[in-house]
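Q: Just one file: input13.cif, with mmCIF, C-alpha atoms.
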```
data_start
loop_
_atom_site.group_PDB
_atom_site.id
_atom_site.type_symbol
_atom_site.label_atom_id
_atom_site.label_comp_id
_atom_site.auth_asym_id
_atom_site.auth_seq_id
_atom_site.Cartn_x
_atom_site.Cartn_y
_atom_site.Cartn_z
ATOM 1 C CA MET A 25 0.000 0.000 0.000
ATOM 2 C CA THR A 26 2.913 2.331 0.702
ATOM 3 C CA VAL A 27 4.077 1.915 -2.888
ATOM 4 C CA LEU A 28 0.623 2.775 -4.219
ATOM 5 C CA LEU A 29 0.489 5.871 -2.021
ATOM 6 C CA ALA A 30 3.894 7.002 -3.276
ATOM 7 C CA VAL A 31 2.929 6.389 -6.911
ATOM 8 C CA GLY A 32 -0.335 8.271 -6.463
ATOM 9 C CA LEU A 33 1.400 11.208 -4.802
ATOM 10 C CA ILE A 34 3.996 11.383 -7.586
ATOM 11 C CA ALA A 35 1.274 11.237 -10.237
ATOM 12 C CA VAL A 36 -0.647 14.089 -8.614
ATOM 13 C CA THR A 37 2.536 16.137 -8.252
ATOM 14 C CA VAL A 38 3.439 15.680 -11.918
ATOM 15 C CA ALA A 39 -0.108 16.580 -12.959
ATOM 16 C CA GLY A 40 -0.049 19.599 -10.655
ATOM 17 C CA ILE A 41 3.227 20.843 -12.134
ATOM 18 C CA ALA A 42 1.833 20.427 -15.651
ATOM 19 C CA ILE A 43 -1.370 22.280 -14.790
ATOM 20 C CA GLY A 44 0.606 24.982 -12.994
ATOM 21 C CA HIS A 45 2.840 25.407 -16.021
ATOM 22 C CA GLY A 46 -0.242 25.772 -18.192
ATOM 23 C CA LEU A 47 -1.538 28.486 -15.866
ATOM 24 C CA GLY A 48 1.770 30.307 -15.906
ATOM 25 C CA LEU A 49 2.861 29.344 -12.382
ATOM 26 C CA GLU A 50 6.557 29.023 -11.661
ATOM 27 C CA LEU A 51 8.317 26.283 -9.729
ATOM 28 C CA ALA A 52 9.473 27.115 -6.225
ATOM 29 C CA PRO A 53 13.187 27.809 -5.727
ATOM 30 C CA ASP A 54 15.370 24.843 -4.845
ATOM 31 C CA GLY A 55 16.015 24.113 -1.221
ATOM 32 C CA GLY A 56 12.480 24.704 0.044
ATOM 33 C CA ASP A 57 9.590 22.452 0.931
ATOM 34 C CA ARG A 58 7.365 23.696 -1.875
ATOM 35 C CA VAL A 59 7.005 22.591 -5.479
ATOM 36 C CA LEU A 60 5.062 25.541 -6.873
ATOM 37 C CA SER A 61 5.933 29.129 -6.036
ATOM 38 C CA ASP A 62 2.296 30.087 -5.486
ATOM 39 C CA PRO A 63 1.400 29.003 -1.903
ATOM 40 C CA LEU A 64 -2.289 28.358 -2.601
ATOM 41 C CA ALA A 65 -1.589 26.247 -5.690
ATOM 42 C CA ASP A 66 1.131 24.336 -3.862
ATOM 43 C CA GLU A 67 -1.112 23.610 -0.882
ATOM 44 C CA ALA A 68 -3.927 22.525 -3.210
ATOM 45 C CA MET A 69 -1.587 20.112 -4.981
ATOM 46 C CA GLY A 70 -0.397 18.709 -1.659
ATOM 47 C CA LEU A 71 -3.942 18.186 -0.403
ATOM 48 C CA ALA A 72 -4.949 16.464 -3.628
ATOM 49 C CA GLY A 73 -1.910 14.221 -3.371
ATOM 50 C CA LEU A 74 -2.842 13.124 0.142
ATOM 51 C CA ALA A 75 -6.434 12.495 -0.949
ATOM 52 C CA VAL A 76 -5.100 9.648 -3.095
ATOM 53 C CA GLY A 77 -5.019 7.680 0.152
ATOM 54 C CA ILE A 78 -8.785 7.123 -0.058
ATOM 55 C CA PRO A 79 -8.872 4.945 -3.190
ATOM 56 C CA VAL A 80 -5.544 3.325 -2.278
ATOM 57 C CA VAL A 81 -6.847 2.158 1.110
ATOM 58 C CA LEU A 82 -10.119 0.932 -0.377
ATOM 59 C CA LEU A 83 -8.250 -1.021 -3.066
ATOM 60 C CA ALA A 84 -5.838 -2.487 -0.518
ATOM 61 C CA VAL A 85 -8.623 -3.613 1.799
ATOM 62 C CA ARG A 86 -10.568 -5.118 -1.077
ATOM 63 C CA ALA A 87 -7.565 -6.874 -2.600
ATOM 64 C CA CYS A 88 -5.834 -8.095 0.562
ATOM 65 C CA GLY A 89 -8.663 -8.509 3.027
ATOM 66 C CA ARG A 90 -11.527 -10.933 3.148
ATOM 67 C CA ARG A 91 -14.105 -8.243 3.671
ATOM 68 C CA PRO A 92 -15.823 -5.418 1.790
ATOM 69 C CA ALA A 93 -13.691 -2.314 1.299
ATOM 70 C CA GLY A 94 -16.325 -0.143 2.962
ATOM 71 C CA THR A 95 -15.732 -1.794 6.327
ATOM 72 C CA VAL A 96 -12.698 0.460 6.739
ATOM 73 C CA MET A 97 -15.176 3.370 7.078
ATOM 74 C CA SER A 98 -17.671 1.997 9.576
ATOM 75 C CA VAL A 99 -19.259 -1.146 10.920
ATOM 76 C CA LEU A 100 -22.032 -0.731 8.353
ATOM 77 C CA GLY A 101 -19.576 -0.824 5.460
ATOM 78 C CA ARG A 102 -20.159 2.777 4.389
ATOM 79 C CA LEU A 103 -19.964 6.351 5.584
ATOM 80 C CA ARG A 104 -22.993 7.300 7.660
ATOM 81 C CA TRP A 105 -23.524 10.740 6.115
ATOM 82 C CA ARG A 106 -26.162 11.996 8.517
ATOM 83 C CA TRP A 107 -23.975 11.072 11.474
ATOM 84 C CA LEU A 108 -20.998 12.744 9.783
ATOM 85 C CA ALA A 109 -23.010 15.958 9.414
ATOM 86 C CA ARG A 110 -24.010 15.876 13.087
ATOM 87 C CA CYS A 111 -20.392 15.404 14.127
ATOM 88 C CA ALA A 112 -19.325 18.294 11.902
ATOM 89 C CA ALA A 113 -21.969 20.506 13.524
ATOM 90 C CA VAL A 114 -20.171 19.895 16.834
ATOM 91 C CA ALA A 115 -16.604 19.880 15.508
ATOM 92 C CA PHE A 116 -16.540 23.227 13.711
ATOM 93 C CA PRO A 117 -17.839 25.415 16.587
ATOM 94 C CA LEU A 118 -15.658 23.621 19.121
ATOM 95 C CA MET A 119 -12.560 23.920 16.949
ATOM 96 C CA ALA A 120 -13.322 27.593 16.256
ATOM 97 C CA LEU A 121 -13.537 28.158 20.018
ATOM 98 C CA GLN A 122 -10.257 26.322 20.580
ATOM 99 C CA MET A 123 -8.399 28.257 17.896
ATOM 100 C CA GLY A 124 -9.931 31.508 19.048
ATOM 101 C CA GLY A 125 -8.642 30.743 22.531
ATOM 102 C CA LEU A 126 -5.159 30.125 21.137
ATOM 103 C CA LEU A 127 -5.199 33.409 19.215
ATOM 104 C CA LEU A 128 -6.394 35.245 22.316
ATOM 105 C CA TRP A 129 -3.651 33.623 24.395
ATOM 106 C CA GLY A 130 -1.054 34.812 21.897
ATOM 107 C CA TRP A 131 -2.546 38.307 21.915
ATOM 108 C CA ILE A 132 -2.383 38.500 25.715
ATOM 109 C CA GLU A 133 1.224 37.294 25.822
ATOM 110 C CA ASP A 134 2.729 39.004 22.757
ATOM 111 C CA GLY A 135 0.271 41.740 21.827
ATOM 112 C CA PRO A 136 -0.766 42.569 18.241
ATOM 113 C CA GLU A 137 2.506 41.153 16.904
ATOM 114 C CA SER A 138 1.109 37.654 17.437
ATOM 115 C CA LEU A 139 -1.367 38.315 14.609
ATOM 116 C CA SER A 140 1.047 40.076 12.318
ATOM 117 C CA GLY A 141 0.500 39.490 8.638
ATOM 118 C CA GLU A 142 -0.829 41.020 5.478
ATOM 119 C CA PHE A 143 -4.467 40.562 4.531
ATOM 120 C CA PRO A 144 -4.475 39.154 0.966
ATOM 121 C CA GLY A 145 -7.721 40.823 -0.099
ATOM 122 C CA TRP A 146 -11.266 39.532 -0.234
ATOM 123 C CA LEU A 147 -11.064 37.813 -3.620
ATOM 124 C CA PRO A 148 -7.951 35.727 -2.771
ATOM 125 C CA LEU A 149 -9.462 34.976 0.640
ATOM 126 C CA LEU A 150 -12.731 33.721 -0.858
ATOM 127 C CA LEU A 151 -10.930 31.754 -3.572
ATOM 128 C CA GLY A 152 -8.553 30.153 -1.097
ATOM 129 C CA SER A 153 -11.370 29.344 1.320
ATOM 130 C CA ALA A 154 -13.311 27.648 -1.479
ATOM 131 C CA VAL A 155 -10.263 25.579 -2.433
ATOM 132 C CA PHE A 156 -9.732 24.418 1.138
ATOM 133 C CA LEU A 157 -13.405 23.683 1.735
ATOM 134 C CA VAL A 158 -13.377 21.401 -1.314
ATOM 135 C CA LEU A 159 -10.028 19.652 -0.837
ATOM 136 C CA VAL A 160 -9.466 19.447 2.919
ATOM 137 C CA PRO A 161 -12.326 16.977 3.614
ATOM 138 C CA PHE A 162 -10.751 14.514 1.167
ATOM 139 C CA GLN A 163 -7.277 15.010 2.639
ATOM 140 C CA ALA A 164 -8.553 14.592 6.206
ATOM 141 C CA ALA A 165 -10.634 11.554 5.260
ATOM 142 C CA ALA A 166 -7.626 9.971 3.530
ATOM 143 C CA GLU A 167 -5.467 10.315 6.627
ATOM 144 C CA GLU A 168 -8.235 8.821 8.756
ATOM 145 C CA PHE A 169 -8.669 5.946 6.302
ATOM 146 C CA VAL A 170 -4.961 5.183 6.667
ATOM 147 C CA PHE A 171 -4.351 5.697 10.393
ATOM 148 C CA ARG A 172 -7.640 5.219 12.248
ATOM 149 C CA GLY A 173 -9.061 2.900 9.592
ATOM 150 C CA TRP A 174 -6.758 0.472 7.812
ATOM 151 C CA LEU A 175 -3.753 0.604 10.147
ATOM 152 C CA ALA A 176 -5.710 0.238 13.393
ATOM 153 C CA GLN A 177 -7.836 -2.543 11.875
ATOM 154 C CA PHE A 178 -4.701 -4.331 10.673
ATOM 155 C CA PHE A 179 -3.446 -4.722 14.237
ATOM 156 C CA GLY A 180 -6.967 -5.442 15.458
ATOM 157 C CA GLY A 181 -7.112 -8.414 13.119
ATOM 158 C CA PHE A 182 -4.727 -10.489 15.242
ATOM 159 C CA LEU A 183 -4.797 -8.791 18.659
ATOM 160 C CA ARG A 184 -7.562 -9.159 21.211
ATOM 161 C CA SER A 185 -7.337 -5.544 22.365
ATOM 162 C CA PRO A 186 -7.669 -2.568 20.016
ATOM 163 C CA TRP A 187 -5.281 -0.457 22.101
ATOM 164 C CA PRO A 188 -1.944 -1.653 20.665
ATOM 165 C CA GLY A 189 -3.231 -0.750 17.208
ATOM 166 C CA ILE A 190 -4.468 2.624 18.412
ATOM 167 C CA VAL A 191 -1.135 3.447 20.060
ATOM 168 C CA VAL A 192 0.970 2.367 17.071
ATOM 169 C CA ALA A 193 -1.293 4.180 14.597
ATOM 170 C CA SER A 194 -1.216 7.299 16.790
ATOM 171 C CA LEU A 195 2.580 7.228 16.950
ATOM 172 C CA LEU A 196 2.869 6.858 13.175
ATOM 173 C CA PHE A 197 0.301 9.629 12.698
ATOM 174 C CA ALA A 198 2.423 11.996 14.786
ATOM 175 C CA LEU A 199 5.622 10.966 12.993
ATOM 176 C CA ALA A 200 3.990 11.446 9.581
ATOM 177 C CA HIS A 201 3.678 15.180 10.297
ATOM 178 C CA GLY A 202 7.441 15.526 10.631
ATOM 179 C CA PHE A 203 9.706 16.475 13.492
ATOM 180 C CA GLY A 204 9.031 19.866 15.017
ATOM 181 C CA ALA A 205 8.509 21.029 18.579
ATOM 182 C CA TRP A 206 8.049 18.476 21.348
ATOM 183 C CA SER A 207 4.712 20.104 22.132
ATOM 184 C CA GLY A 208 3.546 19.566 18.555
ATOM 185 C CA PHE A 209 4.461 15.886 18.618
ATOM 186 C CA ALA A 210 2.745 15.420 21.983
ATOM 187 C CA LEU A 211 -0.364 17.228 20.718
ATOM 188 C CA LEU A 212 -0.609 15.014 17.629
ATOM 189 C CA PHE A 213 -0.078 11.785 19.562
ATOM 190 C CA TYR A 214 -2.481 12.751 22.343
ATOM 191 C CA SER A 215 -5.219 13.761 19.909
ATOM 192 C CA ALA A 216 -4.728 10.621 17.836
ATOM 193 C CA VAL A 217 -5.147 8.354 20.863
ATOM 194 C CA TRP A 218 -8.440 10.042 21.731
ATOM 195 C CA TRP A 219 -9.568 9.823 18.115
ATOM 196 C CA GLY A 220 -8.696 6.125 18.046
ATOM 197 C CA TRP A 221 -10.857 5.577 21.108
ATOM 198 C CA LEU A 222 -13.680 7.519 19.494
ATOM 199 C CA VAL A 223 -13.561 5.336 16.361
ATOM 200 C CA ILE A 224 -13.999 2.249 18.526
ATOM 201 C CA ARG A 225 -16.753 3.905 20.537
ATOM 202 C CA THR A 226 -18.772 5.054 17.519
ATOM 203 C CA GLY A 227 -17.951 2.199 15.162
ATOM 204 C CA GLY A 228 -16.704 4.387 12.329
ATOM 205 C CA LEU A 229 -14.487 7.182 11.054
ATOM 206 C CA GLU A 230 -17.161 9.868 10.695
ATOM 207 C CA ALA A 231 -16.507 11.688 13.967
ATOM 208 C CA VAL A 232 -12.740 11.861 13.471
ATOM 209 C CA ILE A 233 -13.077 12.915 9.842
ATOM 210 C CA ALA A 234 -15.296 15.771 11.047
ATOM 211 C CA ILE A 235 -12.884 17.055 13.702
ATOM 212 C CA HIS A 236 -9.843 16.564 11.441
ATOM 213 C CA THR A 237 -11.565 18.513 8.664
ATOM 214 C CA ALA A 238 -12.633 21.291 11.025
ATOM 215 C CA ASN A 239 -9.107 21.631 12.396
ATOM 216 C CA ASN A 240 -7.476 21.858 8.977
ATOM 217 C CA VAL A 241 -10.086 24.082 7.311
ATOM 218 C CA LEU A 242 -9.933 26.623 10.124
ATOM 219 C CA SER A 243 -6.125 26.456 10.336
ATOM 220 C CA TYR A 244 -5.806 27.123 6.634
ATOM 221 C CA GLY A 245 -8.421 29.859 6.842
ATOM 222 C CA ILE A 246 -6.537 31.692 9.590
ATOM 223 C CA ALA A 247 -3.217 31.351 7.763
ATOM 224 C CA LEU A 248 -4.846 32.610 4.582
ATOM 225 C CA ALA A 249 -6.476 35.603 6.281
ATOM 226 C CA LEU A 250 -3.184 36.580 7.940
ATOM 227 C CA GLY A 251 -1.176 36.188 4.745
ATOM 228 C CA GLN A 252 0.850 33.382 6.324
ATOM 229 C CA LEU A 253 -0.004 30.599 3.881
ATOM 230 C CA ALA A 254 3.575 30.530 2.611
ATOM 231 C CA ASP A 255 4.832 29.430 6.033
ATOM 232 C CA SER A 256 5.876 25.775 6.035
ATOM 233 C CA GLY A 257 4.818 25.023 9.599
ATOM 234 C CA THR A 258 2.575 22.064 10.451
ATOM 235 C CA ALA A 259 0.843 20.784 13.560
ATOM 236 C CA ALA A 260 4.212 19.281 14.513
ATOM 237 C CA ASP A 261 5.367 22.844 15.204
ATOM 238 C CA ALA A 262 2.462 23.662 17.525
ATOM 239 C CA PRO A 263 3.466 25.616 20.658
ATOM 240 C CA TRP A 264 2.905 24.406 24.195
ATOM 241 C CA GLN A 265 -0.130 26.665 24.547
ATOM 242 C CA ALA A 266 -1.850 24.697 21.787
ATOM 243 C CA LEU A 267 -1.049 21.477 23.648
ATOM 244 C CA VAL A 268 -2.603 22.839 26.852
ATOM 245 C CA LEU A 269 -5.833 23.667 25.030
ATOM 246 C CA GLU A 270 -5.829 20.282 23.285
ATOM 247 C CA LEU A 271 -5.574 18.505 26.639
ATOM 248 C CA VAL A 272 -9.059 19.827 27.360
ATOM 249 C CA CYS A 273 -10.680 20.088 23.942
ATOM 250 C CA ALA A 274 -9.805 16.638 22.588
ATOM 251 C CA PRO A 275 -11.524 14.696 25.395
ATOM 252 C CA ALA A 276 -14.369 17.240 25.469
ATOM 253 C CA TYR A 277 -15.151 16.583 21.808
ATOM 254 C CA CYS A 278 -14.729 12.818 22.048
ATOM 255 C CA LEU A 279 -16.848 12.436 25.175
ATOM 256 C CA LEU A 280 -19.577 14.691 23.783
ATOM 257 C CA ILE A 281 -19.678 12.765 20.496
ATOM 258 C CA SER A 282 -19.716 9.497 22.416
ATOM 259 C CA LYS A 283 -22.748 10.675 24.348
ATOM 260 C CA LEU A 284 -24.475 11.820 21.157
ATOM 261 C CA SER A 285 -23.782 8.479 19.510
ATOM 262 C CA GLY A 286 -25.759 6.785 22.250
ATOM 263 C CA ARG A 287 -28.604 9.272 21.910
ATOM 264 C CA TYR A 288 -28.855 8.729 18.149
ATOM 265 C CA GLY A 289 -28.396 4.968 18.331
ATOM 266 C CA ILE A 290 -25.144 4.868 16.358
ATOM 267 C CA GLU A 291 -23.978 1.299 15.859
ATOM 268 C CA SER A 292 -20.536 0.482 17.239
ATOM 269 C CA LEU A 293 -20.577 -3.174 16.213
ATOM 270 C CA SER A 294 -21.063 -4.733 12.799
ATOM 271 C CA PRO A 295 -24.361 -6.604 12.308
ATOM 272 C CA GLN A 296 -22.683 -10.034 12.423
ATOM 273 C CA HIS A 297 -21.141 -9.242 15.821
ATOM 274 C CA ARG A 298 -24.303 -8.122 17.552
ATOM 275 C CA VAL A 299 -25.624 -10.417 20.221
ATOM 276 C CA THR A 300 -29.370 -10.893 20.289
ATOM 277 C CA LEU A 301 -30.703 -12.036 23.618
ATOM 278 C CA PRO A 302 -33.564 -14.551 23.387
ATOM 279 C CA LEU A 303 -36.924 -13.270 24.571
ATOM 280 C CA PRO A 304 -38.306 -15.111 27.611
ATOM 281 C CA ARG A 305 -41.141 -17.495 26.919
ATOM 282 C CA ARG A 306 -44.467 -16.684 28.498
#
```
Rewrite the structure from the file as structure tokens, please.
A:
Amino acid sequence: MTVLLAVGLIAVTVAGIAIGHGLGLELAPDGGDRVLSDPLADEAMGLAGLAVGIPVVLLAVRACGRRPAGTVMSVLGRLRWRWLARCAAVAFPLMALQMGGLLLWGWIEDGPESLSGEFPGWLPLLLGSAVFLVLVPFQAAAEEFVFRGWLAQFFGGFLRSPWPGIVVASLLFALAHGFGAWSGFALLFYSAVWWGWLVIRTGGLEAVIAIHTANNVLSYGIALALGQLADSGTAADAPWQALVLELVCAPAYCLLISKLSGRYGIESLSPQHRVTLPLPRR
């Protein structure tokens, strides 16, 4: 599967360079992390490349596993769209509150300099927001398919407890974002463990796709509005203040979604694993 992911990413990158050349975009200078000089186009190409993980995981599960490919998404073998929408309705306001708290914290500590940047203008802001709203859900879903879906299920196939798979997948998820600040690594690992628990609790990836999408859409939106899209930082570079907020917000979201899943009768077990108790004879 790793080979397929690499091939897909290379194919998207080559296509992105060709399209960029057709649009008159230049390649980024050597020595940087970018391929295209235009930050929005480069980010869009990167997001599209990561989205390749969705079909790759589905093909791998179908080809190598003795089960339908859709079982990587949920116990029902498909995405539960209504449940996904309900999770998103919780994830976006909560993530906006969390990021607003982080911005306020920076303002209190460092003053207006913490929000320094150049507003790009309304048209670039709207265009960039539209691009991220379209592409980020696929990128976030792809990462969840890989880490909370296929990888965790792989270990769950021969281990009695899901926790070794959750821990290993969470560690790889944090490492996949690169090496940055210790607080960023801890934040990614901590969040991933909670998200792994939530997948088990709700029987699917919908809730973690929602919170992952909300986090990335709002992060990109803030960077875009502040003219900081060209910065190469990731969640691995998150400061310790972000970790402090995540220590509260990650369990808050997961526990709230867990409670809602019970209210809405969300299945956490596949139909063949449900136990039906016999009715007493009268």
Q: Mind checking which residues fall within 9 Å of A:Ala39, counting all atoms listed in the file, ignoring those fewer than 5 positions away in the same chain, and posting them as a PyMOL selection string?
A: chain A and resi 34+44+69
Q: With a distance cut-off of 8 Å and all atoms listed in the file, select the neighbouring residues of A:Met97, excluding the residue or stretch itself and same-chain residues fewer than 4 positions from it, and output the selection as a ChimeraX atom specification.
A: /A:101-103,169,173,228-230
Q: Compare A:Ile235, A:Leu267, A:Ala166, A:Arg184 by their minimum atom-to-atom distance to A:Phe213, counting all atoms listed in the file, and give me the closest one.
A: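 Looking at the shortest contact to A:Phe213, the residue is A:Leu267.
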Q: So that all listed atoms of stretch 278-282 of chain A fit with 8 Å spare on each side, what axis-aligned box centre and edge lengths in Å, to one decimal, would you give as lines of an AutoDock Vina configuration file?
A:
```
center_x = -17.2
center_y = 12.1
center_z = 22.8
size_x = 21.0
size_y = 21.2
size_z = 20.7
```
Q: When the PyMOL selection byres ((chain A and resi 186-203) around 8) is applied to the structure above, which residues does it catch, written out as a ChimeraX atom specification?
A: /A:171-172,175-180,183-185,204-205,209-210,212-214,216-217,220-221,258-261
Q: Figure out the distance between atom CA of A:Thr37 and atom CA of A:Ser61, please, to one decimal in Å.
A: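 Taking atom CA of A:Ser61 as the start and atom CA of A:Thr37 as the end point, the length is 13.6 Å.
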Q: Apply the PyMOL selection byres ((chain A and resi 110) around 12) to the structure shown and report the selected residues as a list in words.
A: Arg104, Trp105, Arg106, Trp107, Leu108, Ala109, Cys111, Ala112, Ala113, Val114, Ala115, Phe116, Pro117, Glu230, Ala231, Val232, Ile233, Ala234, Ile235, Leu280, Ile281, Leu284, Ser285, Arg287, Tyr288 and Ile290 of chain A
Q: Could you pull the residues within 12 Å of A:Ser140, counting only C-alpha atoms, minus those fewer than 5 positions along the same chain, as a ChimeraX atom specification?
A: /A:127,130-131,134-135,246-247,249-252
Q: Which value, in Å to one decimal, gives the distance between atom CA of A:Leu60 and atom CA of A:Gly46?
A: 12.5 Å
Q: For A:Ala75, which residue among A:Pro148, A:Gly141, A:Gly32, A:Gly245 is the nearest when counting all atoms listed in the file?
A: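 The answer is A:Gly32, which sits nearest to A:Ala75.
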Q: Taking the file as I've supplied it (selection: the PyMOL selection byres ((chain A and resi 68) around 12)), which residues are included? Please answer as an mmCIF file with C-alpha atoms, in the frame of the given file.
A:
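Produced file out.cif, reproduced below:
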```cif
data_model
loop_
_atom_site.group_PDB
_atom_site.id
_atom_site.type_symbol
_atom_site.label_atom_id
_atom_site.label_comp_id
_atom_site.auth_asym_id
_atom_site.auth_seq_id
_atom_site.Cartn_x
_atom_site.Cartn_y
_atom_site.Cartn_z
ATOM 1 C CA VAL A 36 -0.647 14.089 -8.614
ATOM 2 C CA THR A 37 2.536 16.137 -8.252
ATOM 3 C CA GLY A 40 -0.049 19.599 -10.655
ATOM 4 C CA ILE A 41 3.227 20.843 -12.134
ATOM 5 C CA ILE A 43 -1.370 22.280 -14.790
ATOM 6 C CA GLY A 44 0.606 24.982 -12.994
ATOM 7 C CA ARG A 58 7.365 23.696 -1.875
ATOM 8 C CA VAL A 59 7.005 22.591 -5.479
ATOM 9 C CA LEU A 60 5.062 25.541 -6.873
ATOM 10 C CA ASP A 62 2.296 30.087 -5.486
ATOM 11 C CA PRO A 63 1.400 29.003 -1.903
ATOM 12 C CA LEU A 64 -2.289 28.358 -2.601
ATOM 13 C CA ALA A 65 -1.589 26.247 -5.690
ATOM 14 C CA ASP A 66 1.131 24.336 -3.862
ATOM 15 C CA GLU A 67 -1.112 23.610 -0.882
ATOM 16 C CA MET A 69 -1.587 20.112 -4.981
ATOM 17 C CA GLY A 70 -0.397 18.709 -1.659
ATOM 18 C CA LEU A 71 -3.942 18.186 -0.403
ATOM 19 C CA ALA A 72 -4.949 16.464 -3.628
ATOM 20 C CA GLY A 73 -1.910 14.221 -3.371
ATOM 21 C CA LEU A 74 -2.842 13.124 0.142
ATOM 22 C CA ALA A 75 -6.434 12.495 -0.949
ATOM 23 C CA LEU A 151 -10.930 31.754 -3.572
ATOM 24 C CA GLY A 152 -8.553 30.153 -1.097
ATOM 25 C CA SER A 153 -11.370 29.344 1.320
ATOM 26 C CA ALA A 154 -13.311 27.648 -1.479
ATOM 27 C CA VAL A 155 -10.263 25.579 -2.433
ATOM 28 C CA PHE A 156 -9.732 24.418 1.138
ATOM 29 C CA LEU A 157 -13.405 23.683 1.735
ATOM 30 C CA VAL A 158 -13.377 21.401 -1.314
ATOM 31 C CA LEU A 159 -10.028 19.652 -0.837
ATOM 32 C CA VAL A 160 -9.466 19.447 2.919
ATOM 33 C CA PHE A 162 -10.751 14.514 1.167
ATOM 34 C CA GLN A 163 -7.277 15.010 2.639
ATOM 35 C CA TYR A 244 -5.806 27.123 6.634
ATOM 36 C CA LEU A 253 -0.004 30.599 3.881
#
```
Q: One decimal, in Å: what's the spacing between atom CA of A:Leu83 and atom CA of A:His236?
A: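 Calculated distance between atom CA of A:Leu83 and atom CA of A:His236 is 22.9 Å.
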Q: From the options A:Ala276, A:Leu293, A:Val76, A:Ala93, which residue's atoms come nearest to A:Glu167, counting all atoms listed in the file?
A: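 Among A:Ala276, A:Leu293, A:Val76, A:Ala93, it is A:Val76 that comes nearest to A:Glu167.
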Q: Ranking A:Gly289, A:Gly208, A:Gly227, A:Pro144 by minimum distance to A:Gln265 and counting all atoms listed in the file, which one comes first?
A: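 Looking only at the distances to A:Gln265, the closest residue turns out to be A:Gly208.
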Q: Pick from A:Val241, A:Leu51, A:Ala87, A:Leu118: nearest to A:Ala274, with only C-alpha atoms counted?
A: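 Of A:Val241, A:Leu51, A:Ala87, A:Leu118, the one nearest A:Ala274, counting only C-alpha atoms, is A:Leu118.
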Q: Here is a test: counting only C-alpha atoms, which residue of A:Trp206, A:Ser294, A:Leu128, A:Glu270 is nearest to A:Thr95?
A: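 The shortest atom-to-atom distance to A:Thr95 comes from A:Ser294.
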